[in-house]
Amino acid sequence: MAIWNLGSINIDHVYRLDHLPRPGETLASRSYAQGLGGKGANQSIAAARAGAITHHVGAMGTGDDWVIARLRDRGVCTADILRLSGQATGHAIILLDQEAENSIVIHPGANRAITPAMLEKPLSAMKAQDTLLIQNETSGQTEAARIARRAGARVVYSAAPFDIEAVRPMLPHATILAMNAGEAEALFAAMPGNLPVQGLLITRGGDGAEYRDLVTGEVHRQAAFPVNPVDTTGAGDTFTGYFAAALDRGDAIPAALRLAAGAAALKVTIPGAGDAIPGIEEVISFIANRA
């Protein structure tokens with residue numbers, strides 16, 4: 001079994017501030033750092049660090065070779081990442097305050113230059129036992145989901161950044177819909193009633209997470225592990241990537257939620273996004289010490 005991720009690749013520019021700027025306010029940053037991010041890259045790294053065979057399908061500019069090297073170093077298969085001339089690698093401006101809260105501005109660049117034709121060859125290798133991860137930071141999501149469902153694969157769709165017009169065409173092709181609490185609230189307001197998916201994964205930050213099985217009606221809840229957060233960037237992506245990897249190897253939902261919660265808790269104690277996602281051994285040890 002393997003995980004395929006049609007996912008964004010961003011270079012993160014991270015500025016630490018005393019507080020997030022108010023409208024019209026100019027602030028000097030306390031520090032600056034550059035790192036690897038993007039919801040897609042983060043989820044690929046999390047799935048690979050959790051032990052899953054993980055293929056990243058995406059696009060970036062012709063430079064920034066360190067990004068490819070960084071993904072490979074963390075166990076991600078990068079053969080299906082396209083290098084597009086005339087396109088900038090996606091990047092994000094991340095503002096962090098002293099409480100580890102963030103505000104983020106994204107330039108999608110090559111992430112939005114992906115066409116359906118670019119997906120046919122890499123995703124043709126997908127098998128029925130595999131999982132496809134998708135988020136809203138690339139183009140081509142619906143076509144990728146159709147390919148996956150034709151192959152019989154599971155589709156885990158992160159409806160983020162939330163856009164109801166992006167969500168509507170994806171729902172008939174998604175197996176599991178992953179959202180944070182705010183995104184879930186916006187979705188339920190826009191689409192009341194039954195959703196055409198098998199399950200909902202809702203992360204709630206310090207309040208934990210839940211999985212709603214829409215087939216059986218069963219709800220599984222997982223409390224958050226208490227930690228002192230340093231940087232919450234990428235925590236949700238870490239949770240989703242670990243959750244998908246756990247399902248990929250056959251874990252039951254409660255075990256998958258617990259593993260993902262441990263990984264997300266560790267992630268927020270380390271500055272950075274993709275570069276700060278912990279490995280499976282560290283996560284297992286962390287959870288064992290809190291049994």
# chains A, B, ... in the order shown; residues from 1 in each chain; ligands from 1
$ select_by_dssp --residues "region 174-248 of chain A" --states "alpha helix (DSSP H)" --output "JSON, numbers by chain"
{"A": [181, 182, 183, 184, 185, 186, 187, 188, 189, 190, 235, 236, 237, 238, 239, 240, 241, 242, 243, 244, 245, 246, 247, 248]}
$ write_last_selection --atoms "N, CA, C and O atoms" --output "short mmCIF file (atom, residue, chain, number, x, y, z; two decimals), in the first residue's frame"
data_model
loop_
_atom_site.label_atom_id
_atom_site.label_comp_id
_atom_site.auth_asym_id
_atom_site.auth_seq_id
_atom_site.Cartn_x
_atom_site.Cartn_y
_atom_site.Cartn_z
N ALA A 181 -11.90 22.89 13.04
CA ALA A 181 -13.23 23.22 13.56
C ALA A 181 -13.87 24.39 12.82
O ALA A 181 -15.07 24.38 12.52
N GLY A 182 -13.07 25.41 12.49
CA GLY A 182 -13.60 26.57 11.77
C GLY A 182 -14.06 26.21 10.38
O GLY A 182 -15.12 26.69 9.92
N GLU A 183 -13.29 25.39 9.69
CA GLU A 183 -13.66 24.95 8.35
C GLU A 183 -14.93 24.09 8.38
O GLU A 183 -15.79 24.21 7.51
N ALA A 184 -15.03 23.24 9.40
CA ALA A 184 -16.22 22.40 9.53
C ALA A 184 -17.47 23.25 9.76
O ALA A 184 -18.53 23.01 9.17
N GLU A 185 -17.33 24.28 10.59
CA GLU A 185 -18.47 25.16 10.85
C GLU A 185 -18.91 25.86 9.57
O GLU A 185 -20.12 25.97 9.29
N ALA A 186 -17.94 26.33 8.77
CA ALA A 186 -18.28 27.00 7.52
C ALA A 186 -18.94 26.04 6.54
O ALA A 186 -19.89 26.40 5.83
N LEU A 187 -18.46 24.79 6.49
CA LEU A 187 -19.04 23.81 5.58
C LEU A 187 -20.47 23.47 5.98
O LEU A 187 -21.37 23.42 5.13
N PHE A 188 -20.70 23.22 7.26
CA PHE A 188 -22.04 22.86 7.72
C PHE A 188 -23.04 24.00 7.49
O PHE A 188 -24.22 23.76 7.21
N ALA A 189 -22.56 25.24 7.59
CA ALA A 189 -23.44 26.39 7.34
C ALA A 189 -23.79 26.49 5.86
O ALA A 189 -24.93 26.82 5.50
N ALA A 190 -22.81 26.18 5.00
CA ALA A 190 -23.04 26.30 3.55
C ALA A 190 -23.78 25.09 2.99
O ALA A 190 -24.52 25.21 2.01
N ALA A 235 0.52 21.97 12.15
CA ALA A 235 0.04 20.96 13.11
C ALA A 235 -1.10 20.14 12.51
O ALA A 235 -1.13 18.90 12.63
N GLY A 236 -2.05 20.80 11.84
CA GLY A 236 -3.14 20.08 11.23
C GLY A 236 -2.68 19.16 10.10
O GLY A 236 -3.20 18.05 9.94
N ASP A 237 -1.69 19.62 9.34
CA ASP A 237 -1.14 18.79 8.26
C ASP A 237 -0.43 17.56 8.83
O ASP A 237 -0.51 16.46 8.27
N THR A 238 0.27 17.76 9.93
CA THR A 238 0.93 16.64 10.60
C THR A 238 -0.10 15.63 11.05
O THR A 238 0.07 14.41 10.85
N PHE A 239 -1.19 16.11 11.64
CA PHE A 239 -2.26 15.22 12.09
C PHE A 239 -2.81 14.42 10.92
O PHE A 239 -2.92 13.19 10.98
N THR A 240 -3.14 15.11 9.82
CA THR A 240 -3.75 14.43 8.68
C THR A 240 -2.81 13.42 8.04
O THR A 240 -3.21 12.30 7.69
N GLY A 241 -1.53 13.80 7.87
CA GLY A 241 -0.57 12.88 7.27
C GLY A 241 -0.36 11.64 8.10
O GLY A 241 -0.31 10.51 7.57
N TYR A 242 -0.25 11.81 9.42
CA TYR A 242 -0.09 10.65 10.31
C TYR A 242 -1.36 9.80 10.33
O TYR A 242 -1.29 8.56 10.33
N PHE A 243 -2.51 10.44 10.34
CA PHE A 243 -3.78 9.71 10.34
C PHE A 243 -3.91 8.86 9.07
O PHE A 243 -4.26 7.67 9.14
N ALA A 244 -3.58 9.44 7.92
CA ALA A 244 -3.66 8.71 6.66
C ALA A 244 -2.68 7.55 6.64
O ALA A 244 -3.00 6.45 6.17
N ALA A 245 -1.46 7.77 7.15
CA ALA A 245 -0.46 6.69 7.18
C ALA A 245 -0.91 5.55 8.09
O ALA A 245 -0.68 4.38 7.79
N ALA A 246 -1.54 5.90 9.21
CA ALA A 246 -2.03 4.85 10.13
C ALA A 246 -3.13 4.02 9.47
O ALA A 246 -3.14 2.79 9.57
N LEU A 247 -4.06 4.68 8.78
CA LEU A 247 -5.09 3.94 8.05
C LEU A 247 -4.47 3.09 6.95
O LEU A 247 -4.91 1.95 6.71
N ASP A 248 -3.45 3.62 6.30
CA ASP A 248 -2.79 2.90 5.20
C ASP A 248 -2.21 1.57 5.67
O ASP A 248 -2.22 0.59 4.93
#
$ residues_around --residues "Ser8 (chain A)" --least-positions-apart "6" --cutoff "8 Å" --atoms "only C-alpha atoms" --output "count of residues only"
12
$ closest_residue --among "A:Glu101, A:Ala33, A:Arg149, A:Leu6" --to "Leu82 (chain A)" --atoms "only C-alpha atoms"
A:Leu6
$ select_by_dssp --residues "region 51-175 of chain A" --states "strand (DSSP E)" --output "PDB file with N, CA and C atoms, in the first residue's frame"
ATOM      1  N   THR A  54       5.366   7.091   0.417  1.00  0.00           N
ATOM      2  CA  THR A  54       4.666   8.328   0.087  1.00  0.00           C
ATOM      3  C   THR A  54       5.210   8.932  -1.197  1.00  0.00           C
ATOM      4  N   HIS A  55       4.346   9.077  -2.184  1.00  0.00           N
ATOM      5  CA  HIS A  55       4.687   9.694  -3.467  1.00  0.00           C
ATOM      6  C   HIS A  55       4.092  11.099  -3.506  1.00  0.00           C
ATOM      7  N   HIS A  56       4.939  12.109  -3.674  1.00  0.00           N
ATOM      8  CA  HIS A  56       4.410  13.471  -3.803  1.00  0.00           C
ATOM      9  C   HIS A  56       4.235  13.794  -5.278  1.00  0.00           C
ATOM     10  N   VAL A  57       3.026  14.214  -5.636  1.00  0.00           N
ATOM     11  CA  VAL A  57       2.709  14.653  -6.998  1.00  0.00           C
ATOM     12  C   VAL A  57       2.448  16.151  -6.932  1.00  0.00           C
ATOM     13  N   GLY A  58       3.272  16.927  -7.608  1.00  0.00           N
ATOM     14  CA  GLY A  58       3.117  18.369  -7.521  1.00  0.00           C
ATOM     15  C   GLY A  58       3.991  19.076  -8.520  1.00  0.00           C
ATOM     16  N   ALA A  59       4.164  20.396  -8.323  1.00  0.00           N
ATOM     17  CA  ALA A  59       4.943  21.199  -9.255  1.00  0.00           C
ATOM     18  C   ALA A  59       5.633  22.332  -8.515  1.00  0.00           C
ATOM     19  N   MET A  60       6.769  22.735  -9.050  1.00  0.00           N
ATOM     20  CA  MET A  60       7.508  23.878  -8.519  1.00  0.00           C
ATOM     21  C   MET A  60       8.306  24.509  -9.654  1.00  0.00           C
ATOM     22  N   ILE A  81       7.363  15.091  -9.065  1.00  0.00           N
ATOM     23  CA  ILE A  81       7.293  16.542  -8.901  1.00  0.00           C
ATOM     24  C   ILE A  81       7.784  17.188 -10.195  1.00  0.00           C
ATOM     25  N   LEU A  82       6.921  17.948 -10.853  1.00  0.00           N
ATOM     26  CA  LEU A  82       7.256  18.609 -12.112  1.00  0.00           C
ATOM     27  C   LEU A  82       8.017  19.905 -11.848  1.00  0.00           C
ATOM     28  N   ARG A  83       8.970  20.228 -12.721  1.00  0.00           N
ATOM     29  CA  ARG A  83       9.707  21.485 -12.644  1.00  0.00           C
ATOM     30  C   ARG A  83       9.257  22.335 -13.830  1.00  0.00           C
ATOM     31  N   GLY A  90       5.857  27.924  -5.214  1.00  0.00           N
ATOM     32  CA  GLY A  90       4.937  28.525  -4.261  1.00  0.00           C
ATOM     33  C   GLY A  90       5.649  28.968  -2.999  1.00  0.00           C
ATOM     34  N   HIS A  91       5.162  30.013  -2.394  1.00  0.00           N
ATOM     35  CA  HIS A  91       5.780  30.440  -1.138  1.00  0.00           C
ATOM     36  C   HIS A  91       4.738  31.078  -0.223  1.00  0.00           C
ATOM     37  N   ALA A  92       5.087  31.126   1.049  1.00  0.00           N
ATOM     38  CA  ALA A  92       4.182  31.643   2.068  1.00  0.00           C
ATOM     39  C   ALA A  92       4.914  32.612   2.976  1.00  0.00           C
ATOM     40  N   ILE A  93       4.224  33.675   3.342  1.00  0.00           N
ATOM     41  CA  ILE A  93       4.701  34.620   4.357  1.00  0.00           C
ATOM     42  C   ILE A  93       3.963  34.285   5.651  1.00  0.00           C
ATOM     43  N   ILE A  94       4.699  33.857   6.663  1.00  0.00           N
ATOM     44  CA  ILE A  94       4.099  33.400   7.912  1.00  0.00           C
ATOM     45  C   ILE A  94       4.499  34.347   9.048  1.00  0.00           C
ATOM     46  N   LEU A  95       3.509  34.898   9.702  1.00  0.00           N
ATOM     47  CA  LEU A  95       3.730  35.771  10.851  1.00  0.00           C
ATOM     48  C   LEU A  95       3.362  35.012  12.114  1.00  0.00           C
ATOM     49  N   LEU A  96       4.279  34.977  13.085  1.00  0.00           N
ATOM     50  CA  LEU A  96       4.061  34.261  14.343  1.00  0.00           C
ATOM     51  C   LEU A  96       4.176  35.222  15.516  1.00  0.00           C
ATOM     52  N   ASN A 102      -0.650  32.289  14.381  1.00  0.00           N
ATOM     53  CA  ASN A 102      -0.059  32.711  13.114  1.00  0.00           C
ATOM     54  C   ASN A 102      -1.073  33.348  12.185  1.00  0.00           C
ATOM     55  N   SER A 103      -0.548  34.150  11.264  1.00  0.00           N
ATOM     56  CA  SER A 103      -1.276  34.642  10.099  1.00  0.00           C
ATOM     57  C   SER A 103      -0.411  34.335   8.888  1.00  0.00           C
ATOM     58  N   ILE A 104      -1.041  33.872   7.781  1.00  0.00           N
ATOM     59  CA  ILE A 104      -0.277  33.366   6.649  1.00  0.00           C
ATOM     60  C   ILE A 104      -0.836  33.935   5.347  1.00  0.00           C
ATOM     61  N   VAL A 105       0.078  34.389   4.478  1.00  0.00           N
ATOM     62  CA  VAL A 105      -0.266  34.803   3.118  1.00  0.00           C
ATOM     63  C   VAL A 105       0.474  33.877   2.164  1.00  0.00           C
ATOM     64  N   ILE A 106      -0.248  33.313   1.175  1.00  0.00           N
ATOM     65  CA  ILE A 106       0.330  32.327   0.265  1.00  0.00           C
ATOM     66  C   ILE A 106       0.322  32.851  -1.169  1.00  0.00           C
ATOM     67  N   HIS A 107       1.456  32.675  -1.865  1.00  0.00           N
ATOM     68  CA  HIS A 107       1.484  32.855  -3.323  1.00  0.00           C
ATOM     69  C   HIS A 107       1.591  31.464  -3.936  1.00  0.00           C
ATOM     70  N   THR A 131      -3.915   5.247  -0.954  1.00  0.00           N
ATOM     71  CA  THR A 131      -4.632   6.425  -0.466  1.00  0.00           C
ATOM     72  C   THR A 131      -4.158   7.649  -1.236  1.00  0.00           C
ATOM     73  N   LEU A 132      -5.087   8.496  -1.647  1.00  0.00           N
ATOM     74  CA  LEU A 132      -4.759   9.784  -2.260  1.00  0.00           C
ATOM     75  C   LEU A 132      -5.070  10.895  -1.271  1.00  0.00           C
ATOM     76  N   LEU A 133      -4.091  11.749  -1.017  1.00  0.00           N
ATOM     77  CA  LEU A 133      -4.295  12.959  -0.230  1.00  0.00           C
ATOM     78  C   LEU A 133      -4.438  14.149  -1.183  1.00  0.00           C
ATOM     79  N   ILE A 134      -5.350  15.035  -0.862  1.00  0.00           N
ATOM     80  CA  ILE A 134      -5.556  16.255  -1.661  1.00  0.00           C
ATOM     81  C   ILE A 134      -5.864  17.406  -0.713  1.00  0.00           C
ATOM     82  N   ARG A 154      -8.636   4.997  -1.584  1.00  0.00           N
ATOM     83  CA  ARG A 154      -9.236   5.909  -0.605  1.00  0.00           C
ATOM     84  C   ARG A 154      -8.792   7.338  -0.933  1.00  0.00           C
ATOM     85  N   VAL A 155      -9.692   8.310  -0.799  1.00  0.00           N
ATOM     86  CA  VAL A 155      -9.370   9.718  -1.033  1.00  0.00           C
ATOM     87  C   VAL A 155      -9.595  10.499   0.260  1.00  0.00           C
ATOM     88  N   VAL A 156      -8.528  11.063   0.809  1.00  0.00           N
ATOM     89  CA  VAL A 156      -8.614  11.912   1.996  1.00  0.00           C
ATOM     90  C   VAL A 156      -8.423  13.357   1.533  1.00  0.00           C
ATOM     91  N   TYR A 157      -9.470  14.143   1.656  1.00  0.00           N
ATOM     92  CA  TYR A 157      -9.486  15.509   1.129  1.00  0.00           C
ATOM     93  C   TYR A 157      -9.492  16.515   2.264  1.00  0.00           C
ATOM     94  N   SER A 158      -8.448  17.331   2.338  1.00  0.00           N
ATOM     95  CA  SER A 158      -8.383  18.424   3.313  1.00  0.00           C
ATOM     96  C   SER A 158      -9.003  19.658   2.678  1.00  0.00           C
TER      97      SER A 158
END
$ atom_distance --atom1 "CA of Asp231 (chain A)" --atom2 "CA of Gly272 (chain A)"
6.8 Å
$ closest_residue --among "A:Gly37, A:Gly51, A:Pro196, A:Pro116" --to "Leu177 (chain A)" --atoms "only C-alpha atoms"
A:Pro196
$ atom_distance --atom1 "CA of Leu266 (chain A)" --atom2 "CA of Asp213 (chain A)"
26.7 Å
$ closest_residue --among "A:Pro169, A:Thr89, A:Ile176, A:Arg258" --to "Asp65 (chain A)" --atoms "only C-alpha atoms"
A:Thr89
$ atom_distance --atom1 "CA of Leu257 (chain A)" --atom2 "CA of Leu171 (chain A)"
22.2 Å
$ residues_around --residues "Lys127 (chain A)" --least-positions-apart "6" --cutoff "10 Å" --atoms "only C-alpha atoms" --output "PyMOL selection string"
chain A and resi 1-3+148-154
$ residues_around --residues "Arg212 (chain A)" --least-positions-apart "2" --cutoff "7 Å" --atoms "only C-alpha atoms" --output "number ranges by chain"
A: 199-201, 210, 214, 217-220
